[in-house]
file coords27.csv (CSV, C-alpha atoms)
chain,number,residue,atom,x,y,z
A,1,MET,CA,21.1,18.2,-2.9
A,2,SER,CA,17.8,18.5,-4.7
A,3,PRO,CA,15.3,21.1,-3.2
A,4,ASP,CA,12.5,19.5,-1.2
A,5,SER,CA,9.9,22.0,-2.3
A,6,ASP,CA,9.5,25.2,-4.2
A,7,ASP,CA,6.7,27.6,-5.2
A,8,ARG,CA,6.5,26.6,-8.9
A,9,SER,CA,3.1,25.1,-9.9
A,10,ALA,CA,2.7,21.4,-11.0
A,11,LEU,CA,1.7,22.6,-14.5
A,12,SER,CA,5.0,24.5,-14.9
A,13,TRP,CA,6.9,21.3,-14.1
A,14,PHE,CA,4.9,19.4,-16.7
A,15,PHE,CA,6.1,22.0,-19.2
A,16,THR,CA,9.7,21.7,-18.0
A,17,GLY,CA,9.4,17.9,-18.6
A,18,MET,CA,8.0,18.6,-22.1
A,19,ARG,CA,11.0,20.7,-22.9
A,20,GLY,CA,13.1,17.6,-22.5
A,21,LEU,CA,11.8,16.8,-26.0
A,22,LEU,CA,14.5,19.2,-27.3
A,23,SER,CA,17.2,17.4,-25.5
A,24,LEU,CA,19.9,15.2,-27.2
A,25,PRO,CA,18.4,11.9,-26.0
A,26,ALA,CA,15.0,12.7,-27.3
A,27,LEU,CA,16.2,13.9,-30.6
A,28,ILE,CA,18.4,10.8,-31.1
A,29,LEU,CA,15.5,8.5,-30.2
A,30,LEU,CA,13.2,10.3,-32.7
A,31,THR,CA,15.9,9.8,-35.4
A,32,SER,CA,16.1,6.1,-34.7
A,33,ILE,CA,12.2,5.9,-34.9
A,34,VAL,CA,12.6,7.2,-38.5
A,35,GLY,CA,14.6,4.0,-39.1
A,36,PHE,CA,11.9,1.9,-37.4
A,37,SER,CA,9.2,3.4,-39.8
A,38,ALA,CA,11.3,2.2,-42.8
A,39,PHE,CA,11.6,-1.3,-41.2
A,40,ALA,CA,7.8,-1.4,-40.6
A,41,LEU,CA,7.0,-0.4,-44.2
A,42,GLU,CA,9.5,-3.0,-45.6
A,43,SER,CA,8.0,-5.7,-43.4
A,44,GLY,CA,4.5,-5.1,-44.8
A,45,LEU,CA,2.8,-3.3,-41.9
A,46,THR,CA,0.2,-0.7,-42.8
A,47,ARG,CA,0.7,2.9,-41.6
A,48,GLY,CA,-2.2,2.5,-39.1
A,49,GLU,CA,-0.7,-0.8,-37.7
A,50,ALA,CA,2.8,0.8,-37.4
A,51,VAL,CA,1.3,3.9,-35.5
A,52,PHE,CA,-0.8,1.6,-33.2
A,53,MET,CA,2.3,-0.5,-32.5
A,54,SER,CA,4.4,2.5,-31.5
A,55,LEU,CA,1.7,3.9,-29.2
A,56,ALA,CA,0.7,0.5,-27.6
A,57,ILE,CA,4.2,-1.0,-27.1
A,58,TRP,CA,6.6,2.0,-26.9
A,59,ALA,CA,9.7,-0.1,-26.7
A,60,LEU,CA,11.8,-0.3,-30.0
A,61,PRO,CA,13.4,-3.8,-29.4
A,62,ALA,CA,10.0,-5.3,-28.6
A,63,GLN,CA,8.5,-3.7,-31.7
A,64,VAL,CA,11.3,-5.0,-33.9
A,65,ILE,CA,10.9,-8.5,-32.4
A,66,LEU,CA,7.1,-8.5,-32.9
A,67,ILE,CA,7.4,-7.5,-36.5
A,68,GLY,CA,10.1,-10.1,-37.1
A,69,THR,CA,8.1,-13.0,-35.5
A,70,MET,CA,4.8,-11.9,-37.3
A,71,ALA,CA,6.7,-11.7,-40.6
A,72,SER,CA,8.0,-15.2,-40.1
A,73,GLY,CA,4.4,-16.5,-39.8
A,74,ALA,CA,4.6,-17.4,-36.1
A,75,ASN,CA,1.2,-17.8,-34.3
A,76,ILE,CA,0.1,-15.3,-31.6
A,77,ALA,CA,1.4,-17.4,-28.7
A,78,ALA,CA,4.9,-17.6,-30.2
A,79,CYS,CA,4.8,-13.8,-30.9
A,80,PHE,CA,3.8,-13.2,-27.3
A,81,LEU,CA,6.6,-15.4,-25.9
A,82,ALA,CA,9.3,-13.7,-28.0
A,83,VAL,CA,8.1,-10.2,-27.1
A,84,THR,CA,7.6,-10.9,-23.4
A,85,LEU,CA,11.1,-12.4,-23.0
A,86,SER,CA,12.6,-9.3,-24.4
A,87,SER,CA,10.4,-7.1,-22.2
A,88,ILE,CA,11.3,-8.7,-18.8
A,89,ARG,CA,14.0,-6.0,-18.5
A,90,MET,CA,11.1,-3.5,-18.0
A,91,THR,CA,10.6,-4.8,-14.5
A,92,PRO,CA,14.0,-3.8,-13.0
A,93,MET,CA,14.0,-0.6,-15.2
A,94,VAL,CA,10.7,0.6,-13.8
A,95,ALA,CA,11.4,-0.7,-10.3
A,96,SER,CA,14.6,1.3,-10.1
A,97,VAL,CA,12.9,4.6,-11.1
A,98,VAL,CA,9.7,4.3,-9.1
A,99,PRO,CA,11.3,4.9,-5.6
A,100,GLU,CA,12.8,8.1,-6.9
A,101,MET,CA,9.6,9.3,-8.7
A,102,ARG,CA,6.9,8.8,-6.1
A,103,THR,CA,6.0,10.4,-2.8
A,104,ARG,CA,4.1,8.6,0.0
A,105,ARG,CA,0.9,10.0,-1.5
A,106,THR,CA,1.5,9.2,-5.2
A,107,PRO,CA,-1.5,6.9,-6.2
A,108,ILE,CA,-0.5,3.5,-7.6
A,109,TRP,CA,-2.8,4.0,-10.7
A,110,LEU,CA,-0.8,7.0,-11.7
A,111,LEU,CA,2.4,5.1,-11.5
A,112,LEU,CA,0.9,2.2,-13.5
A,113,ILE,CA,-0.1,4.6,-16.2
A,114,LEU,CA,3.3,6.4,-16.2
A,115,SER,CA,5.1,3.1,-16.3
A,116,HIS,CA,3.9,2.6,-19.9
A,117,PHE,CA,6.1,5.6,-20.9
A,118,ILE,CA,9.3,4.1,-19.5
A,119,ALA,CA,11.6,2.7,-22.2
A,120,ILE,CA,15.3,3.0,-22.5
A,121,THR,CA,15.4,6.7,-23.4
A,122,SER,CA,13.0,7.9,-20.8
A,123,TRP,CA,14.7,5.6,-18.2
A,124,VAL,CA,18.0,7.4,-18.9
A,125,PHE,CA,16.2,10.7,-18.7
A,126,ALA,CA,14.6,9.8,-15.4
A,127,ILE,CA,17.8,8.6,-13.7
A,128,THR,CA,19.7,11.6,-15.0
A,129,THR,CA,17.3,14.5,-14.2
A,130,LEU,CA,14.7,13.4,-11.6
A,131,ARG,CA,17.1,14.2,-8.8
A,132,ASN,CA,17.1,17.9,-9.8
A,133,VAL,CA,13.3,18.2,-9.5
A,134,PRO,CA,11.4,18.7,-6.1
A,135,ARG,CA,10.0,15.3,-5.1
A,136,GLU,CA,6.3,16.2,-5.1
A,137,HIS,CA,6.6,17.3,-8.7
A,138,ARG,CA,8.7,14.4,-10.1
A,139,ALA,CA,5.7,12.3,-11.3
A,140,ILE,CA,4.1,15.3,-13.3
A,141,TYR,CA,7.6,16.3,-14.6
A,142,PHE,CA,8.2,12.8,-15.9
A,143,ALA,CA,4.6,12.7,-17.4
A,144,GLY,CA,5.4,15.9,-19.3
A,145,PHE,CA,8.5,14.3,-20.8
A,146,GLY,CA,7.3,10.7,-21.3
A,147,VAL,CA,3.8,11.4,-22.7
A,148,THR,CA,5.1,14.1,-25.1
A,149,LEU,CA,8.0,11.8,-26.3
A,150,THR,CA,5.6,8.9,-27.0
A,151,LEU,CA,3.1,11.0,-28.9
A,152,THR,CA,5.9,12.8,-30.9
A,153,GLY,CA,7.5,9.4,-31.6
A,154,THR,CA,4.2,8.0,-32.9
A,155,LEU,CA,3.7,11.1,-35.0
A,156,VAL,CA,7.2,10.5,-36.5
A,157,VAL,CA,6.1,7.0,-37.5
A,158,ALA,CA,2.9,8.4,-39.1
A,159,VAL,CA,4.7,11.1,-41.1
A,160,PHE,CA,7.9,9.2,-42.1
A,161,TYR,CA,6.2,5.9,-42.8
A,162,ASP,CA,6.7,6.1,-46.6
A,163,ILE,CA,9.3,8.9,-46.8
A,164,VAL,CA,12.3,7.0,-45.5
A,165,SER,CA,12.2,4.4,-48.3
A,166,ALA,CA,13.5,7.2,-50.6
A,167,PHE,CA,16.7,7.7,-48.5
A,168,PRO,CA,19.9,5.8,-49.5
A,169,PRO,CA,20.3,2.7,-47.3
A,170,ALA,CA,23.6,3.8,-45.8
A,171,VAL,CA,21.8,6.8,-44.1
A,172,ALA,CA,19.4,4.4,-42.2
A,173,GLY,CA,22.5,2.3,-41.2
A,174,ILE,CA,24.4,5.4,-39.9
A,175,LEU,CA,21.3,6.7,-38.0
A,176,PHE,CA,21.0,3.2,-36.4
A,177,PHE,CA,24.4,3.7,-34.8
A,178,LEU,CA,23.3,6.8,-33.0
A,179,THR,CA,21.3,5.0,-30.4
A,180,PRO,CA,24.0,2.7,-28.9
A,181,VAL,CA,26.7,5.3,-28.8
A,182,TYR,CA,24.3,7.7,-27.1
A,183,PHE,CA,23.4,5.1,-24.5
A,184,ASN,CA,27.1,4.4,-23.9
A,185,ALA,CA,28.0,8.0,-23.2
A,186,SER,CA,24.8,9.1,-21.3
A,187,ILE,CA,24.5,6.1,-19.0
A,188,TRP,CA,28.2,6.3,-18.0
A,189,ALA,CA,28.0,10.1,-17.5
A,190,SER,CA,24.9,9.7,-15.3
A,191,ALA,CA,26.4,6.8,-13.2
A,192,ARG,CA,27.1,8.3,-9.8
A,193,GLN,CA,27.4,5.1,-7.9
A,194,PRO,CA,30.3,2.6,-8.5
A,195,VAL,CA,27.8,-0.2,-8.6
A,196,VAL,CA,26.3,1.3,-11.7
A,197,GLN,CA,29.7,1.6,-13.4
A,198,ILE,CA,30.6,-2.1,-12.6
A,199,ALA,CA,27.2,-3.2,-13.9
A,200,PHE,CA,27.8,-1.1,-17.1
A,201,VAL,CA,31.0,-3.0,-17.8
A,202,MET,CA,29.4,-6.3,-17.0
A,203,GLY,CA,26.5,-5.7,-19.4
A,204,VAL,CA,28.8,-4.5,-22.3
A,205,ILE,CA,30.9,-7.7,-22.0
A,206,LEU,CA,28.2,-10.2,-21.2
A,207,GLY,CA,25.5,-9.0,-23.7
A,208,PRO,CA,27.3,-9.9,-27.0
A,209,THR,CA,29.2,-12.9,-25.4
A,210,LEU,CA,26.0,-14.6,-24.2
A,211,ALA,CA,24.3,-13.8,-27.5
A,212,LEU,CA,26.6,-16.4,-29.0
A,213,VAL,CA,25.9,-18.9,-26.3
A,214,THR,CA,22.2,-18.5,-25.6
A,215,PRO,CA,20.6,-16.2,-28.2
A,216,GLN,CA,17.0,-16.5,-26.6
A,217,PHE,CA,17.9,-15.5,-23.1
A,218,ASP,CA,21.2,-13.5,-23.6
A,219,VAL,CA,19.9,-10.1,-22.4
A,220,LEU,CA,18.1,-11.6,-19.4
A,221,CYS,CA,21.2,-13.7,-18.4
A,222,ALA,CA,23.5,-10.8,-18.9
A,223,GLY,CA,21.3,-8.5,-16.8
A,224,LEU,CA,20.6,-10.9,-13.9
A,225,GLY,CA,24.1,-12.4,-13.9
A,226,GLY,CA,26.1,-9.3,-14.6
A,227,GLY,CA,23.9,-7.1,-12.4
A,228,THR,CA,24.1,-9.6,-9.5
A,229,ALA,CA,27.9,-9.9,-9.9
A,230,ALA,CA,28.2,-6.1,-10.0
A,231,TYR,CA,26.1,-5.8,-6.8
A,232,LEU,CA,28.3,-8.4,-4.9
A,233,ILE,CA,31.5,-6.8,-6.0
A,234,ASP,CA,30.2,-3.4,-4.9
A,235,ARG,CA,29.0,-4.7,-1.6
A,236,ALA,CA,32.4,-6.3,-0.9
A,237,ARG,CA,34.0,-2.9,-1.8
A,238,ARG,CA,31.7,-1.0,0.5
A,239,LYS,CA,32.3,-3.4,3.4
A,240,LYS,CA,36.0,-3.1,3.0
A,241,LYS,CA,35.8,0.7,3.0
A,242,ARG,CA,33.6,0.7,6.1
A,243,ALA,CA,36.0,-1.7,7.9
A,244,GLY,CA,38.9,0.6,6.9
A,245,GLN,CA,37.1,3.6,8.3
A,246,GLU,CA,36.3,1.8,11.6
A,247,THR,CA,39.9,0.7,12.2
A,248,ARG,CA,41.1,4.3,11.6
A,249,ARG,CA,38.7,5.5,14.2
B,1,MET,CA,-14.2,-8.6,-40.0
B,2,ILE,CA,-11.8,-10.3,-37.6
B,3,ALA,CA,-9.2,-10.9,-40.4
B,4,GLU,CA,-9.2,-7.2,-41.1
B,5,TYR,CA,-8.3,-6.3,-37.5
B,6,TRP,CA,-6.3,-9.4,-36.7
B,7,THR,CA,-2.9,-7.6,-36.9
B,8,PHE,CA,-4.2,-5.0,-34.4
B,9,ILE,CA,-5.3,-7.8,-32.0
B,10,VAL,CA,-1.9,-9.5,-32.3
B,11,ILE,CA,-0.2,-6.1,-31.5
B,12,ALA,CA,-2.5,-5.5,-28.5
B,13,ILE,CA,-2.0,-9.0,-27.0
B,14,ALA,CA,1.5,-10.1,-28.1
B,15,GLY,CA,2.8,-6.5,-28.1
B,16,PHE,CA,1.1,-4.3,-25.5
B,17,LEU,CA,0.1,-6.9,-23.0
B,18,ALA,CA,3.4,-8.9,-23.4
B,19,THR,CA,5.4,-5.7,-22.6
B,20,ASP,CA,3.2,-3.8,-20.1
B,21,ILE,CA,2.7,-6.7,-17.6
B,22,TRP,CA,6.5,-6.4,-16.8
B,23,ARG,CA,6.1,-2.6,-16.5
B,24,TRP,CA,3.2,-3.1,-14.0
B,25,LEU,CA,5.2,-5.7,-12.1
B,26,GLY,CA,8.0,-3.1,-11.9
B,27,VAL,CA,5.6,-0.6,-10.3
B,28,PHE,CA,4.5,-3.0,-7.6
B,29,THR,CA,8.1,-4.1,-6.9
B,30,GLY,CA,9.5,-0.5,-7.0
B,31,ASN,CA,6.8,0.8,-4.8
B,32,ARG,CA,8.0,-1.4,-1.9
B,33,LEU,CA,11.7,-0.4,-2.3
B,34,ASN,CA,13.2,2.4,-0.2
B,35,GLU,CA,15.4,4.9,-2.0
B,36,ASP,CA,18.5,3.9,-0.1
B,37,SER,CA,17.7,0.2,0.5
B,38,GLU,CA,20.2,-2.5,-0.3
B,39,ALA,CA,17.6,-4.1,-2.6
B,40,LEU,CA,17.5,-1.0,-4.8
B,41,TYR,CA,21.3,-1.2,-5.3
B,42,TRP,CA,20.8,-4.7,-6.7
B,43,VAL,CA,17.8,-3.6,-8.9
B,44,ARG,CA,19.8,-0.7,-10.3
B,45,ALA,CA,22.7,-3.0,-11.1
B,46,VAL,CA,20.5,-5.5,-12.9
B,47,ALA,CA,18.7,-2.7,-14.8
B,48,THR,CA,22.0,-1.1,-15.9
B,49,ALA,CA,23.5,-4.5,-17.0
B,50,LEU,CA,20.3,-5.3,-19.0
B,51,VAL,CA,20.3,-2.0,-20.8
B,52,MET,CA,24.0,-2.2,-21.6
B,53,ALA,CA,23.7,-5.7,-22.8
B,54,VAL,CA,21.0,-4.5,-25.3
B,55,THR,CA,23.2,-1.5,-26.3
B,56,ALA,CA,26.4,-3.6,-26.8
B,57,LYS,CA,24.4,-6.0,-28.9
B,58,LEU,CA,23.2,-3.2,-31.2
B,59,ILE,CA,26.9,-2.5,-31.9
B,60,VAL,CA,28.1,-6.1,-32.3
B,61,PHE,CA,25.0,-7.5,-34.0
B,62,PRO,CA,23.2,-4.6,-35.7
B,63,ASN,CA,19.9,-5.0,-37.7
B,64,GLY,CA,19.4,-3.7,-41.2
B,65,THR,CA,22.0,-2.0,-43.5
B,66,LEU,CA,24.7,-1.7,-40.8
B,67,ALA,CA,24.8,-5.6,-40.5
B,68,GLY,CA,26.9,-5.5,-43.7
B,69,SER,CA,29.6,-3.2,-42.3
B,70,PRO,CA,32.8,-4.7,-40.8
B,71,LEU,CA,32.6,-5.5,-37.1
B,72,TRP,CA,36.1,-4.1,-36.4
B,73,LEU,CA,35.0,-0.7,-37.8
B,74,ARG,CA,32.0,-0.6,-35.5
B,75,LEU,CA,34.0,-1.7,-32.5
B,76,ALA,CA,36.8,0.8,-33.2
B,77,ALA,CA,34.4,3.7,-33.7
B,78,ALA,CA,32.5,2.9,-30.5
B,79,GLY,CA,35.7,2.0,-28.5
B,80,ILE,CA,37.9,4.9,-29.5
B,81,GLY,CA,35.0,7.3,-29.3
B,82,PHE,CA,34.3,6.1,-25.7
B,83,ALA,CA,37.9,6.5,-24.7
B,84,ILE,CA,38.0,10.1,-26.1
B,85,PHE,CA,34.7,10.8,-24.2
B,86,LEU,CA,36.4,9.6,-20.9
B,87,ALA,CA,39.6,11.5,-21.6
B,88,THR,CA,37.8,14.8,-22.3
B,89,GLY,CA,35.7,15.1,-19.1
B,90,ARG,CA,32.7,12.9,-20.0
B,91,LYS,CA,30.7,15.4,-22.2
B,92,VAL,CA,27.8,13.4,-23.7
B,93,TRP,CA,27.9,15.3,-27.1
B,94,ILE,CA,31.6,14.3,-27.5
B,95,GLY,CA,30.6,10.7,-26.7
B,96,VAL,CA,28.1,10.8,-29.6
B,97,ALA,CA,29.9,13.0,-32.1
B,98,VAL,CA,33.3,11.2,-32.1
B,99,PRO,CA,32.0,7.7,-32.7
B,100,MET,CA,29.6,8.9,-35.4
B,101,THR,CA,32.4,10.8,-37.2
B,102,LEU,CA,34.7,7.7,-37.0
B,103,LEU,CA,31.9,5.5,-38.3
B,104,VAL,CA,31.1,7.7,-41.3
B,105,ALA,CA,34.8,8.2,-42.1
B,106,GLY,CA,35.5,4.5,-41.8
B,107,LEU,CA,32.5,3.5,-43.9
B,108,TRP,CA,33.6,5.9,-46.6
B,109,TRP,CA,37.2,4.6,-46.4
B,110,VAL,CA,36.2,0.9,-46.8
B,111,GLY,CA,33.9,2.0,-49.7
B,112,PHE,CA,30.6,0.9,-48.0
call {"tool": "encode", "arguments": {"input": "coords27.csv", "output": "structure tokens"}}
result
Amino acid sequence: MSPDSDDRSALSWFFTGMRGLLSLPALILLTSIVGFSAFALESGLTRGEAVFMSLAIWALPAQVILIGTMASGANIAACFLAVTLSSIRMTPMVASVVPEMRTRRTPIWLLLILSHFIAITSWVFAITTLRNVPREHRAIYFAGFGVTLTLTGTLVVAVFYDIVSAFPPAVAGILFFLTPVYFNASIWASARQPVVQIAFVMGVILGPTLALVTPQFDVLCAGLGGGTAAYLIDRARRKKKRAGQETRR
Amino acid sequence: MIAEYWTFIVIAIAGFLATDIWRWLGVFTGNRLNEDSEALYWVRAVATALVMAVTAKLIVFPNGTLAGSPLWLRLAAAGIGFAIFLATGRKVWIGVAVPMTLLVAGLWWVGF
């Protein structure tokens, strides 16, 4: 059970959130951002453009897709379409965190601002740690983590922009592998409900499979299809369990 | 003048706006969901499946240098690592350290 209130000030919860910067997920993300800086440099972005991109988008897949479509000479409408398709996943990610983060008095403008800082790493951070924070301090706690992580990540882009090109290429490749293996372990470890575990397995199987069938919409189809299937399987399981309990009574 | 800032304009419209409209939609949707509602179960399932689809694709179809490494090696490193993570009480650092070690050892062994 998470405590409903305590006597620590809001500011101290902001700092507790900030300390999340020293956690494993944050350090792994900052390492993968080093890899992104190298990619931005190789693709011809200036340091200023790479920094602006990190701050304005704050979602590595979208940033990689935008650089790729810009480099291929696509016009702004085509770039918008490619990026927006990859970012649809933000809606269920944000929607699944908001009910845990807000109180009845949390203003909507605050949630709209905080939503910009939700990307995969901070989503995992939120679903893993929010439940240990008293409800009225959850938004400020998440702000402490999310804002600090975004600013630090952007600083990493600014600093490493032209340093990484001096590394041997195998190093960048190995660093790249950190992100997916970290997500595998942390999302499974934080899954308390069976529905999340079923959805995990669905996503892992459907993601790469659908990439071969429908490369433009693979993630979207895997999410909606796999997630809905997981939900239906779990609902059937819960019904069966409830029915079992009733007959015993 | 415009040409000089064109890339910034593209990033603002095709990057920032293209991404944040979905975040804002998530706030409006999530704000109507109760913490224990049936709809939130479904939203959680969809979000998890989406994130895992992205994750699995990073392993099967990586960008950059890793794209040149053998698929079987990446699958074995991630799969065996995950199995050891499950068998040893689900400690996240084990789930990261074991696959990374297997990948580095494997890349060295195939002479990558």
call {"tool": "interface_residues", "arguments": {"input": "coords27.csv", "of": "chain A", "to": "chain B", "cutoff": "7 Å", "atoms": "only C-alpha atoms", "output": "number ranges by chain"}}
result
A: 49, 53, 56-57, 66, 76, 79-80, 83-84, 87-96, 98-100, 111-112, 115-116, 169-170, 173, 180-183, 185-186, 189, 195-196, 199-200, 202-204, 206-208, 219-220, 222-224, 226-228, 230-231
call {"tool": "atom_distance", "arguments": {"input": "coords27.csv", "atom1": "CA of Leu22 in chain A", "atom2": "CA of Thr148 in chain A"}}
result
10.9 Å
call {"tool": "atom_distance", "arguments": {"input": "coords27.csv", "atom1": "CA of Gly146 in chain A", "atom2": "CA of Ser122 in chain A"}}
result
6.4 Å
call {"tool": "closest_residue", "arguments": {"input": "coords27.csv", "among": "A:Phe117, A:Thr69, A:Gly35, A:Cys221", "to": "Ala166 in chain A", "atoms": "only C-alpha atoms"}}
result
A:Gly35
call {"tool": "atom_distance", "arguments": {"input": "coords27.csv", "atom1": "CA of Asn132 in chain A", "atom2": "CA of Ser37 in chain B"}}
result
20.5 Å
call {"tool": "residues_near_point", "arguments": {"input": "coords27.csv", "point": "(17.3, 6.7, -20.7)", "cutoff": "10 Å", "atoms": "all atoms listed in the file", "output": "ChimeraX atom specification"}}
result
/A:25-26,29,93,118-128,182-183,186-187,190 /B:51
call {"tool": "closest_residue", "arguments": {"input": "coords27.csv", "among": "A:Arg102, A:Ile108, A:Gln216, A:Thr150", "to": "Ala59 in chain A", "atoms": "only C-alpha atoms"}}
result
A:Thr150
call {"tool": "build_atoms", "arguments": {"input": "coords27.csv", "residues": "range 10-35 of chain B", "atoms": "N, CA and C atoms", "output": "compact mmCIF listing (two decimals), in the coordinates of the input"}}
result
# COMPACT_ATOMS: atom_id res chain seq x y z
N VAL B 10 -3.21 -8.88 -32.61
CA VAL B 10 -1.90 -9.50 -32.30
C VAL B 10 -1.02 -8.41 -31.60
N ILE B 11 -1.04 -7.17 -32.11
CA ILE B 11 -0.20 -6.10 -31.50
C ILE B 11 -0.68 -5.84 -30.08
N ALA B 12 -2.02 -5.83 -29.85
CA ALA B 12 -2.50 -5.50 -28.50
C ALA B 12 -2.16 -6.64 -27.52
N ILE B 13 -2.24 -7.91 -27.94
CA ILE B 13 -2.00 -9.00 -27.00
C ILE B 13 -0.50 -9.35 -26.93
N ALA B 14 0.09 -9.65 -28.10
CA ALA B 14 1.50 -10.10 -28.10
C ALA B 14 2.47 -8.93 -28.05
N GLY B 15 1.97 -7.69 -28.14
CA GLY B 15 2.80 -6.50 -28.10
C GLY B 15 2.61 -5.74 -26.78
N PHE B 16 1.42 -5.11 -26.70
CA PHE B 16 1.10 -4.30 -25.50
C PHE B 16 1.10 -5.06 -24.25
N LEU B 17 0.28 -6.12 -24.19
CA LEU B 17 0.10 -6.90 -23.00
C LEU B 17 1.46 -7.58 -22.60
N ALA B 18 2.15 -8.14 -23.60
CA ALA B 18 3.40 -8.90 -23.40
C ALA B 18 4.47 -7.96 -22.78
N THR B 19 4.38 -6.65 -23.07
CA THR B 19 5.40 -5.70 -22.60
C THR B 19 4.93 -5.07 -21.26
N ASP B 20 3.65 -4.64 -21.21
CA ASP B 20 3.20 -3.80 -20.10
C ASP B 20 3.03 -4.65 -18.78
N ILE B 21 2.81 -5.97 -18.87
CA ILE B 21 2.70 -6.70 -17.60
C ILE B 21 4.04 -6.59 -16.84
N TRP B 22 5.18 -6.50 -17.54
CA TRP B 22 6.50 -6.40 -16.80
C TRP B 22 6.65 -4.97 -16.29
N ARG B 23 6.09 -3.95 -16.99
CA ARG B 23 6.10 -2.60 -16.50
C ARG B 23 5.30 -2.52 -15.18
N TRP B 24 4.09 -3.13 -15.19
CA TRP B 24 3.20 -3.10 -14.00
C TRP B 24 3.90 -3.81 -12.84
N LEU B 25 4.52 -4.96 -13.14
CA LEU B 25 5.20 -5.70 -12.10
C LEU B 25 6.35 -4.80 -11.49
N GLY B 26 6.99 -4.00 -12.36
CA GLY B 26 8.00 -3.10 -11.90
C GLY B 26 7.48 -2.03 -10.96
N VAL B 27 6.25 -1.55 -11.22
CA VAL B 27 5.60 -0.60 -10.30
C VAL B 27 5.39 -1.17 -8.95
N PHE B 28 4.82 -2.40 -8.92
CA PHE B 28 4.50 -3.00 -7.60
C PHE B 28 5.82 -3.34 -6.87
N THR B 29 6.86 -3.77 -7.59
CA THR B 29 8.10 -4.10 -6.90
C THR B 29 8.78 -2.77 -6.42
N GLY B 30 8.87 -1.77 -7.32
CA GLY B 30 9.50 -0.50 -7.00
C GLY B 30 8.85 0.22 -5.86
N ASN B 31 7.52 0.07 -5.78
CA ASN B 31 6.80 0.80 -4.80
C ASN B 31 7.09 0.29 -3.37
N ARG B 32 7.68 -0.91 -3.26
CA ARG B 32 8.00 -1.40 -1.90
C ARG B 32 9.49 -1.16 -1.58
N LEU B 33 10.25 -0.60 -2.52
CA LEU B 33 11.70 -0.40 -2.30
C LEU B 33 11.89 1.03 -1.70
N ASN B 34 12.77 1.13 -0.71
CA ASN B 34 13.20 2.40 -0.20
C ASN B 34 14.29 2.98 -1.06
N GLU B 35 14.41 4.31 -1.11
CA GLU B 35 15.40 4.90 -2.00
C GLU B 35 16.81 4.51 -1.69
